[in-house]
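For reference, query_37.cif (mmCIF, C-alpha atoms):
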```cif
data_work
#
loop_
_atom_site.label_atom_id
_atom_site.label_comp_id
_atom_site.auth_asym_id
_atom_site.auth_seq_id
_atom_site.Cartn_x
_atom_site.Cartn_y
_atom_site.Cartn_z
CA MET A 261 32.10 6.28 -18.15
CA ASN A 262 33.50 6.20 -14.70
CA TYR A 263 33.19 9.49 -12.87
CA LYS A 264 34.90 12.37 -14.65
CA ILE A 265 34.55 15.87 -15.99
CA SER A 266 35.41 15.44 -19.63
CA ASN A 267 34.78 16.71 -23.12
CA ILE A 268 31.50 18.51 -23.59
CA GLU A 269 29.62 16.85 -26.41
CA SER A 270 26.30 17.58 -28.05
CA THR A 271 23.34 15.32 -27.45
CA GLN A 272 22.57 12.56 -29.93
CA PRO A 273 19.37 10.94 -31.09
CA ILE A 274 18.56 7.54 -29.64
CA GLN A 275 20.09 4.76 -31.69
CA SER A 276 18.17 1.52 -32.05
CA ARG A 277 20.16 -1.64 -31.29
CA ILE A 278 19.27 -4.80 -33.23
CA GLY A 279 20.94 -6.99 -31.74
CA ASN A 280 2.09 -24.15 -18.62
CA ARG A 281 -0.61 -21.95 -18.11
CA SER A 282 -2.07 -21.10 -14.67
CA SER A 283 -4.74 -18.79 -13.34
CA GLN A 284 -2.34 -15.97 -12.60
CA ALA A 285 -0.92 -16.15 -16.12
CA ASN A 286 -4.22 -16.51 -17.96
CA LEU A 287 -4.13 -12.92 -19.12
CA SER A 288 -5.56 -11.42 -22.24
CA ASP A 289 -3.57 -10.99 -25.44
CA ALA A 290 -4.54 -7.35 -25.22
CA ALA A 291 -2.42 -6.95 -22.10
CA GLU A 292 0.49 -8.83 -23.63
CA ASN A 293 0.40 -6.61 -26.70
CA ASP A 294 0.31 -3.42 -24.60
CA SER A 295 -3.23 -2.64 -25.67
CA THR A 296 -6.07 -1.71 -23.36
CA GLU A 297 -8.81 -2.36 -25.89
CA GLY A 298 -9.52 -5.77 -24.42
CA LEU A 299 -9.83 -4.34 -20.90
CA ARG A 300 -11.63 -1.08 -21.54
CA HIS A 301 -15.16 -2.40 -21.14
CA ARG A 302 -14.42 -4.35 -17.95
CA ARG A 303 -12.50 -1.98 -15.73
CA ILE A 304 -12.81 -1.52 -12.01
CA THR A 305 -12.29 1.67 -10.07
CA TYR A 306 -9.95 2.03 -7.09
CA SER A 307 -10.33 4.85 -4.61
CA ASN A 308 -8.48 4.74 -1.31
CA ALA A 309 -9.38 1.12 -0.73
CA PRO A 310 -6.73 -1.10 0.87
CA LEU A 311 -4.84 -3.58 -1.24
CA PRO A 312 -6.82 -6.80 -1.72
CA PHE A 313 -3.60 -8.70 -1.02
CA PRO A 314 -1.20 -6.64 1.14
CA PRO A 315 2.57 -7.28 1.22
CA GLU A 316 3.28 -10.73 2.61
CA GLY A 317 6.85 -10.18 3.77
CA ILE A 318 9.88 -12.30 2.91
CA THR A 319 10.23 -15.65 4.66
CA PRO A 320 13.43 -17.73 4.62
CA GLU A 321 11.67 -20.14 2.27
CA THR A 322 10.64 -17.48 -0.25
CA ALA A 323 14.06 -15.80 -0.05
CA LYS A 324 15.65 -19.15 -0.88
CA GLY A 325 13.29 -19.55 -3.85
CA PHE A 326 14.10 -16.10 -5.20
CA ALA A 327 17.83 -16.63 -4.66
CA LYS A 328 17.76 -19.87 -6.65
CA ILE A 329 16.16 -18.22 -9.69
CA ILE A 330 18.41 -15.17 -9.44
CA LYS A 331 21.51 -17.36 -9.39
CA GLU A 332 20.35 -19.63 -12.22
CA ARG A 333 19.47 -16.68 -14.46
CA LYS A 334 22.46 -14.56 -13.43
CA ILE A 335 20.28 -11.57 -12.56
CA THR A 336 22.31 -8.81 -10.93
CA PHE A 337 20.20 -5.64 -10.85
CA LEU A 338 16.84 -3.90 -11.07
CA THR A 339 16.45 -0.73 -13.15
CA HIS A 340 14.47 2.44 -12.53
CA PHE A 341 14.43 5.44 -14.87
CA THR A 342 13.57 8.92 -13.68
CA ARG A 343 13.91 12.52 -14.80
CA LEU A 344 17.34 13.99 -14.32
CA GLU A 345 15.92 16.81 -12.21
CA ASN A 346 14.81 14.21 -9.62
CA LEU A 347 18.26 12.72 -9.10
CA THR A 348 19.45 15.06 -6.35
CA SER A 349 16.30 14.46 -4.31
CA ILE A 350 16.58 10.68 -4.76
CA LEU A 351 20.20 10.63 -3.61
CA LYS A 352 19.30 12.67 -0.52
CA ASN A 353 15.95 11.11 0.40
CA GLY A 354 15.93 7.66 -1.20
CA LEU A 355 13.70 6.41 -4.01
CA LEU A 356 10.17 7.17 -2.84
CA SER A 357 6.71 6.35 -4.15
CA ARG A 358 4.39 8.98 -5.59
CA GLY A 359 2.25 8.77 -2.45
CA SER A 360 5.21 9.22 -0.11
CA ILE A 361 6.40 12.28 -2.02
CA GLN A 362 2.98 13.91 -2.17
CA SER A 363 2.40 13.38 1.55
CA ASN A 364 5.73 14.89 2.62
CA PRO A 365 6.08 18.62 1.89
CA GLU A 366 9.75 18.53 2.92
CA ILE A 367 10.65 16.47 -0.15
CA GLY A 368 10.08 19.37 -2.52
CA THR A 369 9.16 19.21 -6.20
CA VAL A 370 9.60 15.87 -7.93
CA ARG A 371 8.50 15.21 -11.52
CA MET A 372 6.53 11.98 -11.91
CA ASN A 373 6.55 9.47 -14.75
CA GLU A 374 3.52 8.16 -16.58
CA PRO A 375 1.33 6.19 -16.44
CA VAL A 376 -0.24 7.13 -13.12
CA LEU A 377 -1.46 4.07 -11.25
CA PRO A 378 -4.69 4.28 -9.20
CA ASN A 379 -4.88 4.29 -5.42
CA PRO A 380 -3.52 2.47 -3.50
CA TRP A 381 -0.86 1.62 -6.09
CA HIS A 382 0.55 5.13 -6.17
CA TRP A 383 2.25 4.13 -2.91
CA ALA A 384 4.36 1.62 -4.88
CA VAL A 385 7.76 2.04 -6.54
CA SER A 386 8.23 0.38 -9.93
CA PHE A 387 11.31 -1.39 -11.32
CA ASN A 388 12.23 -3.40 -14.39
CA ILE A 389 14.51 -6.41 -14.19
CA SER A 390 17.89 -6.10 -15.97
CA PHE A 391 16.71 -3.56 -18.57
CA PRO A 392 14.30 -0.58 -18.58
CA ASN A 393 10.86 -0.82 -20.14
CA TYR A 394 12.24 0.72 -23.31
CA ARG A 395 8.85 0.92 -25.05
CA LEU A 396 7.61 3.36 -22.42
CA PHE A 397 11.01 4.98 -21.87
CA TYR A 398 11.52 5.56 -25.60
CA LYS A 399 8.15 7.35 -25.89
CA LEU A 400 8.98 9.57 -22.92
CA GLN A 401 12.37 10.48 -24.39
CA GLU A 402 10.83 11.29 -27.76
CA ARG A 403 8.29 13.56 -26.11
CA MET A 404 10.40 15.14 -23.38
CA GLY A 405 14.00 14.90 -24.57
CA PHE A 406 16.96 13.23 -22.94
CA GLU A 407 16.81 14.72 -19.44
CA TRP A 408 16.74 11.29 -17.78
CA VAL A 409 18.89 8.96 -15.73
CA VAL A 410 18.67 5.19 -15.29
CA LEU A 411 19.39 3.86 -11.80
CA LEU A 412 20.61 0.31 -11.21
CA PHE A 413 19.83 -1.32 -7.86
CA ASP A 414 21.38 -4.46 -6.43
CA ILE A 415 19.17 -7.51 -7.01
CA ASN A 416 19.38 -8.32 -3.28
CA LEU A 417 16.78 -5.59 -2.88
CA LEU A 418 14.28 -8.07 -4.29
CA MET A 419 14.93 -10.43 -1.37
CA SER A 420 14.80 -7.73 1.30
CA GLN A 421 11.17 -6.66 0.93
CA SER A 422 7.91 -7.73 -0.67
CA PHE A 423 7.48 -7.27 -4.42
CA TYR A 424 4.56 -7.76 -6.81
CA PHE A 425 5.60 -9.34 -10.12
CA PHE A 426 3.69 -8.16 -13.19
CA PRO A 427 4.27 -10.10 -16.44
CA TYR A 428 2.75 -7.20 -18.42
CA PRO A 429 2.41 -3.45 -17.67
CA ALA A 430 0.87 -2.96 -14.24
CA ALA A 431 -1.30 -0.11 -15.52
CA ASN A 432 -3.07 -2.58 -17.82
CA LEU A 433 -3.56 -5.39 -15.34
CA ILE A 434 -4.53 -3.46 -12.21
CA LEU A 435 -7.61 -2.00 -13.89
CA SER A 436 -8.92 -5.29 -15.21
CA GLU A 437 -12.03 -6.78 -13.62
CA ARG A 438 -10.22 -10.02 -12.83
CA PHE A 439 -7.28 -8.41 -11.07
CA PRO A 440 -8.44 -8.49 -7.41
CA THR A 441 -9.52 -12.14 -7.39
CA GLU A 442 -7.67 -13.96 -10.17
CA ILE A 443 -4.38 -12.09 -10.58
CA SER A 444 -3.47 -10.17 -7.42
CA PRO A 445 -3.38 -13.19 -5.05
CA PHE A 446 -0.48 -14.70 -6.99
CA LEU A 447 1.70 -11.68 -7.74
CA GLN A 448 4.04 -12.03 -4.74
CA LYS A 449 4.77 -15.72 -5.24
CA VAL A 450 8.15 -17.12 -6.23
CA GLN A 451 6.32 -18.84 -9.10
CA SER A 452 5.18 -15.44 -10.42
CA PHE A 453 8.75 -14.19 -10.37
CA GLU A 454 9.90 -17.29 -12.24
CA LYS A 455 7.08 -16.91 -14.75
CA LEU A 456 8.48 -13.55 -15.86
CA PHE A 457 11.17 -15.57 -17.64
CA SER A 458 8.91 -18.22 -19.18
CA ASP A 459 7.58 -18.67 -22.70
CA THR A 460 4.02 -17.48 -23.26
CA GLU A 461 1.38 -18.69 -25.68
CA ASN A 462 2.51 -16.11 -28.22
CA VAL A 463 6.19 -15.60 -27.45
CA ARG A 464 9.12 -18.03 -27.33
CA ARG A 465 12.36 -16.92 -25.70
CA SER A 466 14.36 -18.96 -28.18
CA ILE A 467 12.97 -16.74 -30.94
CA LEU A 468 13.75 -13.56 -29.00
CA GLU A 469 17.37 -14.66 -28.44
CA ILE A 470 17.58 -12.72 -25.18
CA PRO A 471 19.92 -13.36 -22.23
CA SER A 472 18.70 -15.53 -19.37
CA TYR A 473 18.47 -12.49 -17.08
CA TYR A 474 15.97 -10.62 -19.30
CA PRO A 475 12.25 -11.12 -18.59
CA THR A 476 10.34 -12.44 -21.59
CA ASN A 477 8.18 -9.33 -21.96
CA PRO A 478 10.20 -6.09 -21.99
CA GLN A 479 7.29 -4.29 -20.31
CA SER A 480 7.07 -6.57 -17.30
CA GLU A 481 7.63 -4.77 -14.03
CA VAL A 482 8.01 -5.38 -10.32
CA LEU A 483 6.44 -3.12 -7.71
CA THR A 484 7.13 -2.70 -4.00
CA PHE A 485 5.35 -0.68 -1.34
CA SER A 486 8.55 0.07 0.58
CA ASN A 487 10.66 3.13 -0.08
CA ILE A 488 14.14 2.33 -1.36
CA SER A 489 17.33 2.99 0.56
CA MET A 490 20.34 4.23 -1.38
CA GLN A 491 22.41 1.42 0.13
CA PHE A 492 21.12 -0.73 -2.74
CA LEU A 493 22.06 1.79 -5.47
CA ARG A 494 24.92 0.49 -7.64
CA GLU A 495 25.08 2.64 -10.79
CA ILE A 496 23.64 5.84 -12.26
CA HIS A 497 23.57 6.12 -16.07
CA PHE A 498 23.33 9.43 -17.93
CA PHE A 499 22.49 9.82 -21.61
CA ASN A 500 25.98 11.15 -22.34
CA ASP A 501 28.95 12.89 -20.70
CA TYR A 502 27.47 16.30 -21.45
CA LYS A 503 24.37 15.54 -19.36
CA PHE A 504 26.52 14.23 -16.53
CA ASN A 505 28.79 17.27 -16.59
CA GLN A 506 25.79 19.62 -16.45
CA TRP A 507 24.39 17.84 -13.41
CA PHE A 508 27.80 17.51 -11.73
CA LEU A 509 28.54 21.24 -11.93
CA GLN A 510 25.30 21.94 -10.04
CA ASN A 511 25.75 19.12 -7.49
CA ALA A 512 29.51 18.77 -7.08
CA ASP A 513 29.55 18.32 -3.30
CA LEU A 514 26.94 15.57 -3.44
CA ALA A 515 28.59 13.84 -6.41
CA LEU A 516 32.05 13.90 -4.83
CA SER A 517 30.67 12.34 -1.64
CA MET A 518 29.74 9.19 -3.55
CA ASP A 519 31.77 6.29 -4.91
CA LYS A 520 33.17 7.41 -8.27
CA LYS A 521 32.40 3.98 -9.77
CA ILE A 522 28.68 4.74 -9.59
CA TRP A 523 28.74 7.25 -12.48
CA HIS A 524 28.27 6.07 -16.07
CA SER A 525 27.11 7.50 -19.40
CA GLY A 526 26.16 6.13 -22.80
CA LEU A 527 23.23 4.75 -24.74
CA THR A 528 23.20 1.25 -23.25
CA PHE A 529 20.04 1.76 -21.19
CA PHE A 530 18.58 4.52 -23.37
CA SER A 531 18.17 2.26 -26.41
CA PRO A 532 15.72 -0.53 -27.24
CA ARG A 533 16.35 -4.02 -25.96
CA CYS A 534 18.14 -6.47 -28.27
CA ASP A 535 14.83 -8.15 -29.24
CA TYR A 536 13.35 -4.81 -30.30
CA ILE A 537 12.53 -6.01 -33.85
CA HIS A 538 10.27 -8.77 -32.54
CA TRP A 539 8.20 -6.44 -30.36
CA LYS A 540 8.06 -3.72 -33.00
CA SER A 541 6.28 -6.20 -35.27
CA ARG A 542 3.68 -6.74 -32.51
CA SER A 543 2.89 -3.07 -31.95
#
```

When written as structure tokens, how does the structure in this file appear?
Amino acid sequence: MNYKISNIESTQPIQSRIGNRSSQANLSDAAENDSTEGLRHRRITYSNAPLPFPPEGITPETAKGFAKIIKERKITFLTHFTRLENLTSILKNGLLSRGSIQSNPEIGTVRMNEPVLPNPWHWAVSFNISFPNYRLFYKLQERMGFEWVVLLFDINLLMSQSFYFFPYPAANLILSERFPTEISPFLQKVQSFEKLFSDTENVRRSILEIPSYYPTNPQSEVLTFSNISMQFLREIHFFNDYKFNQWFLQNADLALSMDKKIWHSGLTFFSPRCDYIHWKSRS
């Protein structure tokens, strides 16, 4: 859907669509399978301690490395899903971290997604590459309904500020005993970005039959400690036209001030990824 006020339709249920080993990658099968059983007995606790490896910044060399992979894999955007009620605040204030929101009373009420990461990681903003983490997103929709939007950000954002590249859910890895010394030092490297698209010991991309721009694991994520300017926002996806129309009627002035090509609706980003059957068998 390009921007419009159109037929009011009822909501629909989500429809499923069938459609080298190094130290930083030597992670447990428990993490890969989205299970915390293997990490539960060896967790560390973060308080307000500084990051063991703070943002390194983007050098011309690293930007060139990222650009090469992005071009080869035809990656065009990062995704971020959020509750529909947060959209107005995001469009006015930018996409902010949990910490930034909580420390600024002028932002107002913003509903947060789960899982909650420990300090200092609640100052980070999370994205997925090319497709939302549907396993988490699906659970949230089942529990809370379809009051969500999916935001697409230009991939050049990735080359404008430091990112941490997590091959599995950050909530699993950050709490592992090995994270500060064996995992964290490597997360900002070009090699870690490239590894998101590599085969693992248990998963072969040829079996998944996914596009080159999809990370191997649908729950991989990339985190940045910089707030996100709306200059990088390219598209906003609603569950259906009805949800868009509801929001538009309450925010007409704001919506009309934006490029009409930004507005879309449909199940594309509200459904499982095309390799859903493979990961369902691993649950």

So which residues touch Gln421 of chain A within 12 Å, counting all atoms listed in the file, skipping near sequence neighbours fewer than 6 positions away, as JSON, numbers by chain?
{"A": [315, 316, 317, 318, 319, 320, 322, 323, 326, 385, 415, 448, 482, 483, 484, 485, 486, 487, 488, 489]}

Do you know which residues the PyMOL selection byres ((chain A and resi 406) around 10) returns on this file, as a PyMOL selection string?
chain A and resi 271-274+343-344+398+400-405+407-409+498-500+503+530

Produce a table with one row for each residue of segment 380-476 of chain A that has an atom at most 7 Å from any atom of segment 346-365 of chain A, each row naming the nearest atom pair and its distance in Å at one decimal; use all atoms listed in the file; arrange rows by chain and rising residue number; format as a Markdown table.
```
| residue | atom | partner | partner_atom | distance |
| --- | --- | --- | --- | --- |
| A:His382 | CA | A:Arg358 | CA | 5.5 |
| A:Trp383 | CA | A:Gly359 | CA | 4.7 |
| A:Ala384 | CA | A:Ser357 | CA | 5.3 |
| A:Val385 | CA | A:Ser357 | CA | 5.0 |
```

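The spacing separating atom CA of Phe413 of chain A from atom CA of Glu495 of chain A amounts to 7.2 Å.
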
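The nearest approach to Pro392 of chain A among the residues A:Ile467, A:Leu433, A:Val376, A:Leu338, with only C-alpha atoms taken into account, belongs to A:Leu338.
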
Could you name the residues that touch Phe425 of chain A at 10 Å or less, counting only C-alpha atoms, but leaving out those on the same chain fewer than 4 positions away, as a list in words?
Phe387, Asn388, Ala430, Ser444, Phe446, Leu447, Gln448, Lys449, Val450, Gln451, Ser452, Phe453, Glu454, Lys455, Leu456, Ser480, Glu481, Val482, Leu483 and Thr484 of chain A

Write the residues you've just listed into a file as a PDB file, in the coordinates of the input, and include C-alpha atoms for each of them.
```
ATOM      1  CA  PHE A 387      11.310  -1.390 -11.320  1.00  0.00           C
ATOM      2  CA  ASN A 388      12.230  -3.400 -14.390  1.00  0.00           C
ATOM      3  CA  ALA A 430       0.870  -2.960 -14.240  1.00  0.00           C
ATOM      4  CA  SER A 444      -3.470 -10.170  -7.420  1.00  0.00           C
ATOM      5  CA  PHE A 446      -0.480 -14.700  -6.990  1.00  0.00           C
ATOM      6  CA  LEU A 447       1.700 -11.680  -7.740  1.00  0.00           C
ATOM      7  CA  GLN A 448       4.040 -12.030  -4.740  1.00  0.00           C
ATOM      8  CA  LYS A 449       4.770 -15.720  -5.240  1.00  0.00           C
ATOM      9  CA  VAL A 450       8.150 -17.120  -6.230  1.00  0.00           C
ATOM     10  CA  GLN A 451       6.320 -18.840  -9.100  1.00  0.00           C
ATOM     11  CA  SER A 452       5.180 -15.440 -10.420  1.00  0.00           C
ATOM     12  CA  PHE A 453       8.750 -14.190 -10.370  1.00  0.00           C
ATOM     13  CA  GLU A 454       9.900 -17.290 -12.240  1.00  0.00           C
ATOM     14  CA  LYS A 455       7.080 -16.910 -14.750  1.00  0.00           C
ATOM     15  CA  LEU A 456       8.480 -13.550 -15.860  1.00  0.00           C
ATOM     16  CA  SER A 480       7.070  -6.570 -17.300  1.00  0.00           C
ATOM     17  CA  GLU A 481       7.630  -4.770 -14.030  1.00  0.00           C
ATOM     18  CA  VAL A 482       8.010  -5.380 -10.320  1.00  0.00           C
ATOM     19  CA  LEU A 483       6.440  -3.120  -7.710  1.00  0.00           C
ATOM     20  CA  THR A 484       7.130  -2.700  -4.000  1.00  0.00           C
TER      21      THR A 484
END
```

Taking only C-alpha atoms into account, which of A:Asp414, A:Glu461, A:Glu469, A:Asp519 comes nearest His340 of chain A?
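So, comparing all the options, the nearest one is A:Asp414.
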
Any chance you could build segment 511-543 of chain A out to N, CA and C atoms and write it as a PDB file, keeping the file's coordinate frame?
```pdb
ATOM      1  N   ASN A 511      25.864  19.988  -8.676  1.00  0.00           N
ATOM      2  CA  ASN A 511      25.750  19.120  -7.490  1.00  0.00           C
ATOM      3  C   ASN A 511      27.099  18.515  -7.119  1.00  0.00           C
ATOM      4  N   ALA A 512      28.152  19.304  -7.239  1.00  0.00           N
ATOM      5  CA  ALA A 512      29.510  18.770  -7.080  1.00  0.00           C
ATOM      6  C   ALA A 512      29.748  18.162  -5.705  1.00  0.00           C
ATOM      7  N   ASP A 513      29.304  18.833  -4.651  1.00  0.00           N
ATOM      8  CA  ASP A 513      29.550  18.320  -3.300  1.00  0.00           C
ATOM      9  C   ASP A 513      28.893  16.956  -3.106  1.00  0.00           C
ATOM     10  N   LEU A 514      27.657  16.834  -3.567  1.00  0.00           N
ATOM     11  CA  LEU A 514      26.940  15.570  -3.440  1.00  0.00           C
ATOM     12  C   LEU A 514      27.611  14.487  -4.275  1.00  0.00           C
ATOM     13  N   ALA A 515      27.972  14.821  -5.511  1.00  0.00           N
ATOM     14  CA  ALA A 515      28.590  13.840  -6.410  1.00  0.00           C
ATOM     15  C   ALA A 515      29.931  13.353  -5.864  1.00  0.00           C
ATOM     16  N   LEU A 516      30.720  14.266  -5.324  1.00  0.00           N
ATOM     17  CA  LEU A 516      32.050  13.900  -4.830  1.00  0.00           C
ATOM     18  C   LEU A 516      31.983  13.090  -3.538  1.00  0.00           C
ATOM     19  N   SER A 517      30.829  13.117  -2.870  1.00  0.00           N
ATOM     20  CA  SER A 517      30.670  12.340  -1.640  1.00  0.00           C
ATOM     21  C   SER A 517      30.355  10.877  -1.918  1.00  0.00           C
ATOM     22  N   MET A 518      30.142  10.539  -3.185  1.00  0.00           N
ATOM     23  CA  MET A 518      29.740   9.190  -3.550  1.00  0.00           C
ATOM     24  C   MET A 518      30.889   8.444  -4.229  1.00  0.00           C
ATOM     25  N   ASP A 519      30.770   7.132  -4.254  1.00  0.00           N
ATOM     26  CA  ASP A 519      31.770   6.290  -4.910  1.00  0.00           C
ATOM     27  C   ASP A 519      31.845   6.669  -6.391  1.00  0.00           C
ATOM     28  N   LYS A 520      33.032   6.966  -6.885  1.00  0.00           N
ATOM     29  CA  LYS A 520      33.170   7.410  -8.270  1.00  0.00           C
ATOM     30  C   LYS A 520      32.787   6.332  -9.277  1.00  0.00           C
ATOM     31  N   LYS A 521      32.758   5.070  -8.853  1.00  0.00           N
ATOM     32  CA  LYS A 521      32.400   3.980  -9.770  1.00  0.00           C
ATOM     33  C   LYS A 521      30.905   3.954 -10.082  1.00  0.00           C
ATOM     34  N   ILE A 522      30.133   4.767  -9.398  1.00  0.00           N
ATOM     35  CA  ILE A 522      28.680   4.740  -9.590  1.00  0.00           C
ATOM     36  C   ILE A 522      28.267   5.477 -10.863  1.00  0.00           C
ATOM     37  N   TRP A 523      29.118   6.370 -11.374  1.00  0.00           N
ATOM     38  CA  TRP A 523      28.740   7.250 -12.480  1.00  0.00           C
ATOM     39  C   TRP A 523      29.067   6.626 -13.835  1.00  0.00           C
ATOM     40  N   HIS A 524      28.088   6.631 -14.733  1.00  0.00           N
ATOM     41  CA  HIS A 524      28.270   6.070 -16.070  1.00  0.00           C
ATOM     42  C   HIS A 524      27.474   6.911 -17.074  1.00  0.00           C
ATOM     43  N   SER A 525      27.886   6.849 -18.342  1.00  0.00           N
ATOM     44  CA  SER A 525      27.110   7.500 -19.400  1.00  0.00           C
ATOM     45  C   SER A 525      27.161   6.643 -20.654  1.00  0.00           C
ATOM     46  N   GLY A 526      26.219   6.883 -21.549  1.00  0.00           N
ATOM     47  CA  GLY A 526      26.160   6.130 -22.800  1.00  0.00           C
ATOM     48  C   GLY A 526      24.753   5.650 -23.083  1.00  0.00           C
ATOM     49  N   LEU A 527      24.567   5.100 -24.261  1.00  0.00           N
ATOM     50  CA  LEU A 527      23.230   4.750 -24.740  1.00  0.00           C
ATOM     51  C   LEU A 527      22.748   3.363 -24.318  1.00  0.00           C
ATOM     52  N   THR A 528      23.541   2.635 -23.565  1.00  0.00           N
ATOM     53  CA  THR A 528      23.200   1.250 -23.250  1.00  0.00           C
ATOM     54  C   THR A 528      21.776   1.095 -22.754  1.00  0.00           C
ATOM     55  N   PHE A 529      21.367   1.893 -21.776  1.00  0.00           N
ATOM     56  CA  PHE A 529      20.040   1.760 -21.190  1.00  0.00           C
ATOM     57  C   PHE A 529      19.044   2.778 -21.749  1.00  0.00           C
ATOM     58  N   PHE A 530      19.468   3.547 -22.731  1.00  0.00           N
ATOM     59  CA  PHE A 530      18.580   4.520 -23.370  1.00  0.00           C
ATOM     60  C   PHE A 530      18.133   4.037 -24.749  1.00  0.00           C
ATOM     61  N   SER A 531      18.485   2.841 -25.109  1.00  0.00           N
ATOM     62  CA  SER A 531      18.170   2.260 -26.410  1.00  0.00           C
ATOM     63  C   SER A 531      17.190   1.115 -26.240  1.00  0.00           C
ATOM     64  N   PRO A 532      16.594   0.650 -27.321  1.00  0.00           N
ATOM     65  CA  PRO A 532      15.720  -0.530 -27.240  1.00  0.00           C
ATOM     66  C   PRO A 532      16.489  -1.771 -26.818  1.00  0.00           C
ATOM     67  N   ARG A 533      15.752  -2.745 -26.321  1.00  0.00           N
ATOM     68  CA  ARG A 533      16.350  -4.020 -25.960  1.00  0.00           C
ATOM     69  C   ARG A 533      16.741  -4.769 -27.231  1.00  0.00           C
ATOM     70  N   CYS A 534      17.600  -5.782 -27.094  1.00  0.00           N
ATOM     71  CA  CYS A 534      18.140  -6.470 -28.270  1.00  0.00           C
ATOM     72  C   CYS A 534      17.080  -7.190 -29.096  1.00  0.00           C
ATOM     73  N   ASP A 535      15.903  -7.481 -28.501  1.00  0.00           N
ATOM     74  CA  ASP A 535      14.830  -8.150 -29.240  1.00  0.00           C
ATOM     75  C   ASP A 535      13.795  -7.143 -29.755  1.00  0.00           C
ATOM     76  N   TYR A 536      14.230  -5.918 -29.907  1.00  0.00           N
ATOM     77  CA  TYR A 536      13.350  -4.810 -30.300  1.00  0.00           C
ATOM     78  C   TYR A 536      12.562  -5.100 -31.588  1.00  0.00           C
ATOM     79  N   ILE A 537      13.201  -5.736 -32.573  1.00  0.00           N
ATOM     80  CA  ILE A 537      12.530  -6.010 -33.850  1.00  0.00           C
ATOM     81  C   ILE A 537      11.297  -6.877 -33.646  1.00  0.00           C
ATOM     82  N   HIS A 538      11.404  -7.875 -32.795  1.00  0.00           N
ATOM     83  CA  HIS A 538      10.270  -8.770 -32.540  1.00  0.00           C
ATOM     84  C   HIS A 538       9.078  -7.986 -31.994  1.00  0.00           C
ATOM     85  N   TRP A 539       9.313  -7.143 -31.004  1.00  0.00           N
ATOM     86  CA  TRP A 539       8.200  -6.440 -30.360  1.00  0.00           C
ATOM     87  C   TRP A 539       7.676  -5.310 -31.235  1.00  0.00           C
ATOM     88  N   LYS A 540       8.532  -4.745 -32.070  1.00  0.00           N
ATOM     89  CA  LYS A 540       8.060  -3.720 -33.000  1.00  0.00           C
ATOM     90  C   LYS A 540       7.028  -4.309 -33.947  1.00  0.00           C
ATOM     91  N   SER A 541       7.219  -5.548 -34.356  1.00  0.00           N
ATOM     92  CA  SER A 541       6.280  -6.200 -35.270  1.00  0.00           C
ATOM     93  C   SER A 541       4.950  -6.503 -34.603  1.00  0.00           C
ATOM     94  N   ARG A 542       4.902  -6.454 -33.249  1.00  0.00           N
ATOM     95  CA  ARG A 542       3.680  -6.740 -32.510  1.00  0.00           C
ATOM     96  C   ARG A 542       2.955  -5.484 -32.083  1.00  0.00           C
ATOM     97  N   SER A 543       3.508  -4.316 -32.391  1.00  0.00           N
ATOM     98  CA  SER A 543       2.890  -3.070 -31.950  1.00  0.00           C
ATOM     99  C   SER A 543       1.582  -2.822 -32.675  1.00  0.00           C
TER     100      SER A 543
END
```
